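Listing of run_3.txt, compact mmCIF, N, CA and C atoms
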```txt
# COMPACT_ATOMS: atom_id res chain seq x y z
N MET A 1 6.53 -13.40 9.63
CA MET A 1 6.90 -12.50 8.54
C MET A 1 8.42 -12.45 8.46
N GLU A 2 8.91 -12.32 7.24
CA GLU A 2 10.36 -12.31 7.03
C GLU A 2 11.02 -11.19 7.82
N ASP A 3 12.32 -11.36 8.09
CA ASP A 3 13.07 -10.35 8.83
C ASP A 3 13.37 -9.18 7.89
N ILE A 4 12.91 -8.01 8.25
CA ILE A 4 13.03 -6.82 7.41
C ILE A 4 13.93 -5.81 8.13
N SER A 5 14.84 -5.20 7.41
CA SER A 5 15.71 -4.20 8.01
C SER A 5 14.90 -2.97 8.39
N THR A 6 15.42 -2.22 9.33
CA THR A 6 14.76 -0.99 9.77
C THR A 6 14.59 -0.03 8.60
N LEU A 7 15.61 0.04 7.74
CA LEU A 7 15.52 0.93 6.57
C LEU A 7 14.37 0.53 5.66
N HIS A 8 14.22 -0.77 5.38
CA HIS A 8 13.13 -1.22 4.51
C HIS A 8 11.77 -0.99 5.17
N LYS A 9 11.71 -1.14 6.48
CA LYS A 9 10.46 -0.86 7.19
C LYS A 9 10.08 0.61 7.02
N LEU A 10 11.04 1.50 7.26
CA LEU A 10 10.76 2.93 7.12
C LEU A 10 10.38 3.29 5.69
N GLU A 11 11.10 2.74 4.72
CA GLU A 11 10.78 3.01 3.31
C GLU A 11 9.39 2.51 2.95
N SER A 12 9.01 1.36 3.46
CA SER A 12 7.69 0.81 3.17
C SER A 12 6.59 1.66 3.78
N ILE A 13 6.79 2.08 5.02
CA ILE A 13 5.78 2.92 5.67
C ILE A 13 5.67 4.26 4.95
N LYS A 14 6.80 4.87 4.62
CA LYS A 14 6.78 6.15 3.89
C LYS A 14 6.12 5.98 2.52
N SER A 15 6.38 4.87 1.86
CA SER A 15 5.79 4.62 0.55
C SER A 15 4.27 4.53 0.65
N LEU A 16 3.79 3.81 1.66
CA LEU A 16 2.34 3.70 1.83
C LEU A 16 1.72 5.04 2.22
N GLU A 17 2.39 5.81 3.07
CA GLU A 17 1.89 7.14 3.42
C GLU A 17 1.81 8.03 2.19
N SER A 18 2.83 7.95 1.33
CA SER A 18 2.84 8.73 0.09
C SER A 18 1.70 8.29 -0.83
N THR A 19 1.48 7.00 -0.91
CA THR A 19 0.41 6.46 -1.74
C THR A 19 -0.96 6.94 -1.22
N ILE A 20 -1.11 6.96 0.10
CA ILE A 20 -2.36 7.44 0.69
C ILE A 20 -2.59 8.91 0.33
N ARG A 21 -1.55 9.74 0.45
CA ARG A 21 -1.69 11.16 0.08
C ARG A 21 -2.07 11.31 -1.40
N LYS A 22 -1.43 10.52 -2.24
CA LYS A 22 -1.71 10.57 -3.68
C LYS A 22 -3.17 10.20 -3.96
N LEU A 23 -3.64 9.15 -3.30
CA LEU A 23 -5.02 8.71 -3.49
C LEU A 23 -6.02 9.73 -2.91
N GLU A 24 -5.67 10.34 -1.78
CA GLU A 24 -6.55 11.37 -1.21
C GLU A 24 -6.68 12.56 -2.15
N ASN A 25 -5.56 12.97 -2.74
CA ASN A 25 -5.60 14.07 -3.71
C ASN A 25 -6.41 13.70 -4.95
N ALA A 26 -6.21 12.48 -5.43
CA ALA A 26 -6.97 12.03 -6.60
C ALA A 26 -8.46 11.99 -6.29
N PHE A 27 -8.80 11.48 -5.11
CA PHE A 27 -10.20 11.42 -4.69
C PHE A 27 -10.81 12.82 -4.66
N SER A 28 -10.09 13.76 -4.04
CA SER A 28 -10.59 15.12 -3.92
C SER A 28 -10.83 15.76 -5.29
N GLN A 29 -9.86 15.60 -6.19
CA GLN A 29 -9.99 16.17 -7.53
C GLN A 29 -11.14 15.52 -8.31
N MET A 30 -11.26 14.21 -8.19
CA MET A 30 -12.32 13.51 -8.91
C MET A 30 -13.69 13.88 -8.36
N ALA A 31 -13.79 14.01 -7.04
CA ALA A 31 -15.06 14.36 -6.42
C ALA A 31 -15.50 15.77 -6.84
N GLN A 32 -14.55 16.69 -6.94
CA GLN A 32 -14.87 18.06 -7.37
C GLN A 32 -15.39 18.08 -8.80
N LYS A 33 -14.88 17.17 -9.62
CA LYS A 33 -15.30 17.11 -11.02
C LYS A 33 -16.56 16.27 -11.21
N GLY A 34 -17.00 15.62 -10.15
CA GLY A 34 -18.18 14.78 -10.25
C GLY A 34 -17.91 13.42 -10.87
N ALA A 35 -16.65 13.03 -10.92
CA ALA A 35 -16.28 11.74 -11.51
C ALA A 35 -16.57 10.60 -10.53
N ASN A 36 -16.63 9.40 -11.04
CA ASN A 36 -16.85 8.23 -10.21
C ASN A 36 -15.59 7.97 -9.37
N THR A 37 -15.74 7.92 -8.06
CA THR A 37 -14.60 7.78 -7.16
C THR A 37 -14.52 6.40 -6.51
N THR A 38 -15.34 5.47 -6.94
CA THR A 38 -15.42 4.15 -6.30
C THR A 38 -14.07 3.44 -6.26
N LEU A 39 -13.38 3.38 -7.39
CA LEU A 39 -12.10 2.68 -7.45
C LEU A 39 -11.06 3.34 -6.54
N VAL A 40 -10.99 4.67 -6.58
CA VAL A 40 -10.03 5.39 -5.74
C VAL A 40 -10.36 5.17 -4.26
N GLU A 41 -11.64 5.18 -3.93
CA GLU A 41 -12.04 4.93 -2.53
C GLU A 41 -11.61 3.55 -2.06
N LYS A 42 -11.82 2.54 -2.90
CA LYS A 42 -11.42 1.17 -2.54
C LYS A 42 -9.91 1.07 -2.35
N ARG A 43 -9.18 1.68 -3.25
CA ARG A 43 -7.72 1.65 -3.15
C ARG A 43 -7.23 2.41 -1.92
N LEU A 44 -7.83 3.55 -1.65
CA LEU A 44 -7.46 4.34 -0.48
C LEU A 44 -7.69 3.56 0.81
N LYS A 45 -8.85 2.92 0.90
CA LYS A 45 -9.15 2.12 2.08
C LYS A 45 -8.17 0.95 2.20
N ALA A 46 -7.87 0.30 1.09
CA ALA A 46 -6.97 -0.86 1.11
C ALA A 46 -5.56 -0.45 1.53
N VAL A 47 -5.06 0.65 1.01
CA VAL A 47 -3.70 1.08 1.37
C VAL A 47 -3.67 1.55 2.82
N THR A 48 -4.73 2.19 3.28
CA THR A 48 -4.81 2.61 4.68
C THR A 48 -4.79 1.39 5.61
N ILE A 49 -5.54 0.38 5.26
CA ILE A 49 -5.54 -0.87 6.03
C ILE A 49 -4.16 -1.52 5.97
N GLY A 50 -3.55 -1.49 4.80
CA GLY A 50 -2.21 -2.05 4.65
C GLY A 50 -1.20 -1.36 5.56
N LEU A 51 -1.26 -0.05 5.62
CA LEU A 51 -0.37 0.70 6.51
C LEU A 51 -0.62 0.31 7.96
N ALA A 52 -1.89 0.20 8.34
CA ALA A 52 -2.23 -0.20 9.71
C ALA A 52 -1.69 -1.60 10.03
N MET A 53 -1.73 -2.49 9.06
CA MET A 53 -1.21 -3.85 9.28
C MET A 53 0.29 -3.84 9.53
N LEU A 54 1.02 -3.09 8.71
CA LEU A 54 2.47 -3.02 8.92
C LEU A 54 2.80 -2.35 10.25
N GLU A 55 2.04 -1.32 10.59
CA GLU A 55 2.24 -0.65 11.88
C GLU A 55 1.97 -1.61 13.04
N GLN A 56 0.99 -2.49 12.87
CA GLN A 56 0.69 -3.46 13.91
C GLN A 56 1.82 -4.48 14.04
N VAL A 57 2.26 -5.03 12.91
CA VAL A 57 3.28 -6.07 12.92
C VAL A 57 4.62 -5.52 13.43
N TRP A 58 5.01 -4.34 12.95
CA TRP A 58 6.34 -3.82 13.26
C TRP A 58 6.39 -2.95 14.50
N ASN A 59 5.30 -2.24 14.80
CA ASN A 59 5.32 -1.28 15.92
C ASN A 59 4.26 -1.57 16.98
N GLN A 60 3.59 -2.72 16.86
CA GLN A 60 2.57 -3.18 17.80
C GLN A 60 1.45 -2.15 18.00
N LYS A 61 1.13 -1.40 16.95
CA LYS A 61 0.01 -0.46 17.01
C LYS A 61 -1.27 -1.22 16.66
N PRO A 62 -2.27 -1.18 17.54
CA PRO A 62 -3.51 -1.91 17.25
C PRO A 62 -4.31 -1.24 16.12
N HIS A 63 -5.16 -2.03 15.49
CA HIS A 63 -6.08 -1.49 14.48
C HIS A 63 -7.46 -2.09 14.73
N ASP A 64 -8.47 -1.47 14.15
CA ASP A 64 -9.86 -1.89 14.37
C ASP A 64 -10.47 -2.56 13.14
N TYR A 65 -9.66 -3.08 12.26
CA TYR A 65 -10.19 -3.67 11.03
C TYR A 65 -10.59 -5.12 11.26
N THR A 66 -11.69 -5.50 10.62
CA THR A 66 -12.20 -6.87 10.74
C THR A 66 -11.46 -7.78 9.76
N GLN A 67 -11.65 -9.06 9.93
CA GLN A 67 -11.06 -10.04 9.00
C GLN A 67 -11.58 -9.79 7.59
N HIS A 68 -12.85 -9.43 7.49
CA HIS A 68 -13.44 -9.12 6.18
C HIS A 68 -12.74 -7.92 5.54
N ASP A 69 -12.48 -6.88 6.33
CA ASP A 69 -11.76 -5.71 5.83
C ASP A 69 -10.38 -6.11 5.31
N LEU A 70 -9.70 -6.97 6.07
CA LEU A 70 -8.36 -7.40 5.69
C LEU A 70 -8.37 -8.17 4.36
N VAL A 71 -9.34 -9.05 4.21
CA VAL A 71 -9.43 -9.84 2.98
C VAL A 71 -9.73 -8.94 1.79
N GLU A 72 -10.65 -8.00 1.97
CA GLU A 72 -10.97 -7.06 0.89
C GLU A 72 -9.75 -6.23 0.51
N ALA A 73 -9.03 -5.73 1.51
CA ALA A 73 -7.84 -4.92 1.26
C ALA A 73 -6.79 -5.74 0.51
N ARG A 74 -6.59 -6.97 0.95
CA ARG A 74 -5.62 -7.86 0.31
C ARG A 74 -5.96 -8.03 -1.17
N ASN A 75 -7.23 -8.27 -1.47
CA ASN A 75 -7.64 -8.48 -2.86
C ASN A 75 -7.45 -7.23 -3.71
N VAL A 76 -7.77 -6.07 -3.14
CA VAL A 76 -7.58 -4.81 -3.87
C VAL A 76 -6.10 -4.57 -4.13
N LEU A 77 -5.26 -4.82 -3.13
CA LEU A 77 -3.82 -4.58 -3.28
C LEU A 77 -3.19 -5.55 -4.27
N ILE A 78 -3.64 -6.79 -4.25
CA ILE A 78 -3.15 -7.76 -5.25
C ILE A 78 -3.56 -7.30 -6.64
N GLY A 79 -4.77 -6.77 -6.78
CA GLY A 79 -5.24 -6.26 -8.07
C GLY A 79 -4.51 -5.01 -8.52
N LEU A 80 -4.00 -4.24 -7.57
CA LEU A 80 -3.28 -3.01 -7.88
C LEU A 80 -1.84 -3.29 -8.32
N THR A 81 -1.27 -4.35 -7.84
CA THR A 81 0.14 -4.67 -8.08
C THR A 81 0.52 -4.73 -9.56
N PRO A 82 -0.26 -5.38 -10.45
CA PRO A 82 0.16 -5.42 -11.86
C PRO A 82 0.31 -4.04 -12.51
N SER A 83 -0.54 -3.08 -12.15
CA SER A 83 -0.40 -1.75 -12.76
C SER A 83 0.86 -1.05 -12.25
N VAL A 84 1.22 -1.28 -10.99
CA VAL A 84 2.46 -0.71 -10.47
C VAL A 84 3.65 -1.37 -11.15
N GLU A 85 3.57 -2.69 -11.35
CA GLU A 85 4.64 -3.41 -12.05
C GLU A 85 4.81 -2.91 -13.49
N THR A 86 3.72 -2.63 -14.16
CA THR A 86 3.77 -2.11 -15.52
C THR A 86 4.44 -0.75 -15.55
N SER A 87 4.05 0.12 -14.62
CA SER A 87 4.68 1.44 -14.54
C SER A 87 6.16 1.32 -14.23
N TYR A 88 6.50 0.39 -13.35
CA TYR A 88 7.90 0.16 -12.99
C TYR A 88 8.70 -0.28 -14.22
N ALA A 89 8.14 -1.19 -14.99
CA ALA A 89 8.82 -1.69 -16.19
C ALA A 89 9.05 -0.58 -17.22
N LYS A 90 8.16 0.39 -17.27
CA LYS A 90 8.27 1.49 -18.23
C LYS A 90 9.17 2.62 -17.74
N SER A 91 9.48 2.63 -16.45
CA SER A 91 10.26 3.74 -15.89
C SER A 91 11.74 3.60 -16.23
N LYS A 92 12.43 4.73 -16.22
CA LYS A 92 13.84 4.75 -16.57
C LYS A 92 14.69 4.23 -15.40
N GLU A 93 15.69 3.46 -15.76
CA GLU A 93 16.64 2.92 -14.79
C GLU A 93 17.27 4.09 -14.01
N GLY A 94 17.27 3.99 -12.68
CA GLY A 94 17.91 5.00 -11.84
C GLY A 94 17.09 6.26 -11.61
N SER A 95 15.89 6.33 -12.16
CA SER A 95 15.07 7.54 -11.99
C SER A 95 14.38 7.53 -10.62
N PRO A 96 14.05 8.72 -10.10
CA PRO A 96 13.31 8.78 -8.83
C PRO A 96 11.97 8.04 -8.91
N GLN A 97 11.32 8.11 -10.06
CA GLN A 97 10.04 7.42 -10.24
C GLN A 97 10.21 5.91 -10.09
N ARG A 98 11.28 5.37 -10.64
CA ARG A 98 11.54 3.93 -10.55
C ARG A 98 11.79 3.53 -9.10
N THR A 99 12.53 4.35 -8.37
CA THR A 99 12.79 4.07 -6.95
C THR A 99 11.48 4.07 -6.17
N LEU A 100 10.64 5.06 -6.43
CA LEU A 100 9.34 5.15 -5.76
C LEU A 100 8.50 3.91 -6.05
N LEU A 101 8.46 3.50 -7.30
CA LEU A 101 7.66 2.33 -7.68
C LEU A 101 8.23 1.05 -7.10
N GLU A 102 9.55 0.96 -7.03
CA GLU A 102 10.20 -0.21 -6.44
C GLU A 102 9.82 -0.33 -4.96
N ARG A 103 9.86 0.79 -4.26
CA ARG A 103 9.48 0.79 -2.84
C ARG A 103 8.00 0.49 -2.66
N ARG A 104 7.18 1.00 -3.56
CA ARG A 104 5.75 0.75 -3.47
C ARG A 104 5.45 -0.74 -3.67
N LEU A 105 6.11 -1.35 -4.64
CA LEU A 105 5.93 -2.78 -4.88
C LEU A 105 6.35 -3.61 -3.67
N LYS A 106 7.48 -3.25 -3.08
CA LYS A 106 7.97 -3.95 -1.89
C LYS A 106 6.96 -3.81 -0.76
N ALA A 107 6.46 -2.59 -0.56
CA ALA A 107 5.49 -2.34 0.51
C ALA A 107 4.20 -3.12 0.28
N LEU A 108 3.71 -3.15 -0.96
CA LEU A 108 2.49 -3.90 -1.26
C LEU A 108 2.68 -5.39 -0.97
N GLY A 109 3.84 -5.91 -1.36
CA GLY A 109 4.13 -7.32 -1.09
C GLY A 109 4.18 -7.62 0.39
N LEU A 110 4.77 -6.72 1.17
CA LEU A 110 4.84 -6.91 2.62
C LEU A 110 3.46 -6.85 3.27
N VAL A 111 2.62 -5.95 2.76
CA VAL A 111 1.25 -5.87 3.29
C VAL A 111 0.49 -7.16 3.02
N VAL A 112 0.57 -7.65 1.80
CA VAL A 112 -0.14 -8.89 1.46
C VAL A 112 0.37 -10.02 2.35
N GLN A 113 1.67 -10.08 2.54
CA GLN A 113 2.25 -11.10 3.40
C GLN A 113 1.74 -10.96 4.84
N ALA A 114 1.68 -9.74 5.35
CA ALA A 114 1.19 -9.51 6.72
C ALA A 114 -0.28 -9.91 6.86
N ILE A 115 -1.07 -9.58 5.86
CA ILE A 115 -2.49 -9.93 5.91
C ILE A 115 -2.65 -11.45 5.83
N ASN A 116 -1.89 -12.09 4.96
CA ASN A 116 -1.96 -13.55 4.86
C ASN A 116 -1.63 -14.21 6.19
N GLU A 117 -0.59 -13.72 6.85
CA GLU A 117 -0.19 -14.30 8.12
C GLU A 117 -1.22 -14.01 9.22
N ALA A 118 -1.84 -12.85 9.17
CA ALA A 118 -2.87 -12.52 10.16
C ALA A 118 -4.14 -13.34 9.95
N SER A 119 -4.33 -13.79 8.72
CA SER A 119 -5.55 -14.55 8.39
C SER A 119 -5.44 -16.04 8.71
N LYS A 120 -4.26 -16.49 9.09
CA LYS A 120 -4.06 -17.92 9.40
C LYS A 120 -4.73 -18.30 10.70
```

Structure re-expressed in structure tokens:
Amino acid sequence: MEDISTLHKLESIKSLESTIRKLENAFSQMAQKGANTTLVEKRLKAVTIGLAMLEQVWNQKPHDYTQHDLVEARNVLIGLTPSVETSYAKSKEGSPQRTLLERRLKALGLVVQAINEASK
């Protein structure tokens, strides 16, 4: 995996943790309303696996995910990336939202890269 600065590592981990909280809140609200939560559940699992992968690569924290889990997470995250890119393109230059989306995109890319390397 490419050499990543400590700052980018911390930003990526914080971004994924923030994304997990956002998805957990969305799941909770949707479940209370009786809405279909399948997509949010898949994304939540994928981002959680992604965080575990980065923690393993950078901090040597073990995880219990199977190769199948990793491949599924990778596919979900790749599918999620275009919507984040679209939001990023629509966001205002220099806004906090744009910074958040930029960090999220970087984190998603690093996760996909980590999963690809683990799958070799």

*Within 6 Å of stretch 68-77 of chain A using all atoms listed in the file, minus same-chain residues under 6 positions, as a PyMOL selection string*: chain A and resi 45-46+112

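Across the model, the gap from atom CA of A:Val40 to atom CA of A:Phe27 is 6.1 Å.
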
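Minimum atom-to-atom distances from A:Lys120, A:Lys90, A:Arg103, A:Lys33 to A:Ile13 were compared using all atoms listed in the file, and the lowest value belongs to A:Arg103.
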
*Write out as a list in words each polymer residue whose atoms come within 7 Å of A:Leu54, counting all atoms listed in the file; drop sequence neighbours fewer than 6 positions from it.*
Gln60, Lys61, Leu110, Val111 and Ala114 of chain A

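Using only N, CA and C atoms, the shortest contact distance between A:Ile78 and any of A:Asn59, A:Ser95, A:Leu108, A:Thr48 is found at A:Leu108.
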
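Interatomic distance, atom N of A:Thr6 against atom N of A:Gln113: 17.2 Å.
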
*DSSP-assigned helix (DSSP H, G or I) among chain A, expressed as a VMD selection string*: chain A and resid 6 to 33 38 to 59 67 to 90 96 to 118

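Going from atom N of A:Leu100 to atom N of A:Tyr65 covers 28.8 Å.
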
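The shortest atom-to-atom distance to A:Leu10, with only C-alpha atoms taken into account, belongs to A:Leu51 out of A:Leu51, A:Lys42, A:Leu23, A:Asp64.
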
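Nearest residue to A:Ile4, choosing from A:Ile49, A:Met30, A:Ala107, A:Ala118 and counting only C-alpha atoms: A:Ala107.
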
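Take the candidates A:Leu16, A:Thr38, A:Lys106, A:Ala89 and check each one against A:Ala52 using only C-alpha atoms; the shortest distance goes to A:Leu16.
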
As a compact mmCIF listing (two decimals), in the coordinates of the input, please: stretch 66-77 of chain A completed to all heavy atoms.
```txt
# COMPACT_ATOMS: atom_id res chain seq x y z
N THR A 66 -11.69 -5.50 10.62
CA THR A 66 -12.20 -6.87 10.74
C THR A 66 -11.46 -7.78 9.76
O THR A 66 -10.77 -7.31 8.85
CB THR A 66 -13.70 -6.92 10.41
OG1 THR A 66 -13.87 -6.58 9.02
CG2 THR A 66 -14.50 -5.97 11.29
N GLN A 67 -11.65 -9.06 9.93
CA GLN A 67 -11.06 -10.04 9.00
C GLN A 67 -11.58 -9.79 7.59
O GLN A 67 -10.84 -9.90 6.62
CB GLN A 67 -11.40 -11.46 9.48
CG GLN A 67 -10.63 -12.54 8.78
CD GLN A 67 -9.13 -12.44 9.03
OE1 GLN A 67 -8.69 -12.06 10.10
NE2 GLN A 67 -8.34 -12.79 8.04
N HIS A 68 -12.85 -9.43 7.49
CA HIS A 68 -13.44 -9.12 6.18
C HIS A 68 -12.74 -7.92 5.54
O HIS A 68 -12.44 -7.94 4.34
CB HIS A 68 -14.94 -8.85 6.34
CG HIS A 68 -15.62 -8.49 5.07
ND1 HIS A 68 -15.89 -9.40 4.07
CD2 HIS A 68 -16.07 -7.28 4.60
CE1 HIS A 68 -16.49 -8.78 3.06
NE2 HIS A 68 -16.60 -7.50 3.36
N ASP A 69 -12.48 -6.88 6.33
CA ASP A 69 -11.76 -5.71 5.83
C ASP A 69 -10.38 -6.11 5.31
O ASP A 69 -9.94 -5.64 4.25
CB ASP A 69 -11.56 -4.66 6.93
CG ASP A 69 -12.85 -3.99 7.37
OD1 ASP A 69 -13.81 -3.92 6.56
OD2 ASP A 69 -12.90 -3.52 8.53
N LEU A 70 -9.70 -6.97 6.07
CA LEU A 70 -8.36 -7.40 5.69
C LEU A 70 -8.37 -8.17 4.36
O LEU A 70 -7.53 -7.94 3.49
CB LEU A 70 -7.73 -8.25 6.79
CG LEU A 70 -7.49 -7.56 8.12
CD1 LEU A 70 -6.91 -8.54 9.13
CD2 LEU A 70 -6.59 -6.34 7.97
N VAL A 71 -9.34 -9.05 4.21
CA VAL A 71 -9.43 -9.84 2.98
C VAL A 71 -9.73 -8.94 1.79
O VAL A 71 -9.12 -9.08 0.73
CB VAL A 71 -10.50 -10.96 3.13
CG1 VAL A 71 -10.79 -11.63 1.80
CG2 VAL A 71 -10.05 -11.98 4.17
N GLU A 72 -10.65 -8.00 1.97
CA GLU A 72 -10.97 -7.06 0.89
C GLU A 72 -9.75 -6.23 0.51
O GLU A 72 -9.46 -6.05 -0.67
CB GLU A 72 -12.11 -6.11 1.30
CG GLU A 72 -13.47 -6.68 1.11
CD GLU A 72 -14.56 -5.64 1.38
OE1 GLU A 72 -14.24 -4.45 1.62
OE2 GLU A 72 -15.73 -6.02 1.34
N ALA A 73 -9.03 -5.73 1.51
CA ALA A 73 -7.84 -4.92 1.26
C ALA A 73 -6.79 -5.74 0.51
O ALA A 73 -6.18 -5.26 -0.45
CB ALA A 73 -7.27 -4.39 2.57
N ARG A 74 -6.59 -6.97 0.95
CA ARG A 74 -5.62 -7.86 0.31
C ARG A 74 -5.96 -8.03 -1.17
O ARG A 74 -5.09 -7.92 -2.03
CB ARG A 74 -5.62 -9.21 1.02
CG ARG A 74 -4.68 -10.22 0.43
CD ARG A 74 -4.87 -11.57 1.14
NE ARG A 74 -4.24 -12.63 0.39
CZ ARG A 74 -4.78 -13.25 -0.65
NH1 ARG A 74 -6.00 -12.94 -1.07
NH2 ARG A 74 -4.13 -14.19 -1.29
N ASN A 75 -7.23 -8.27 -1.47
CA ASN A 75 -7.64 -8.48 -2.86
C ASN A 75 -7.45 -7.23 -3.71
O ASN A 75 -7.01 -7.31 -4.86
CB ASN A 75 -9.09 -8.96 -2.92
CG ASN A 75 -9.25 -10.35 -2.35
OD1 ASN A 75 -8.29 -11.12 -2.28
ND2 ASN A 75 -10.46 -10.69 -1.92
N VAL A 76 -7.77 -6.07 -3.14
CA VAL A 76 -7.58 -4.81 -3.87
C VAL A 76 -6.10 -4.57 -4.13
O VAL A 76 -5.70 -4.19 -5.24
CB VAL A 76 -8.20 -3.63 -3.10
CG1 VAL A 76 -7.80 -2.29 -3.71
CG2 VAL A 76 -9.73 -3.76 -3.07
N LEU A 77 -5.26 -4.82 -3.13
CA LEU A 77 -3.82 -4.58 -3.28
C LEU A 77 -3.19 -5.55 -4.27
O LEU A 77 -2.32 -5.17 -5.05
CB LEU A 77 -3.12 -4.65 -1.92
CG LEU A 77 -3.55 -3.55 -0.94
CD1 LEU A 77 -2.93 -3.79 0.42
CD2 LEU A 77 -3.22 -2.18 -1.48
```
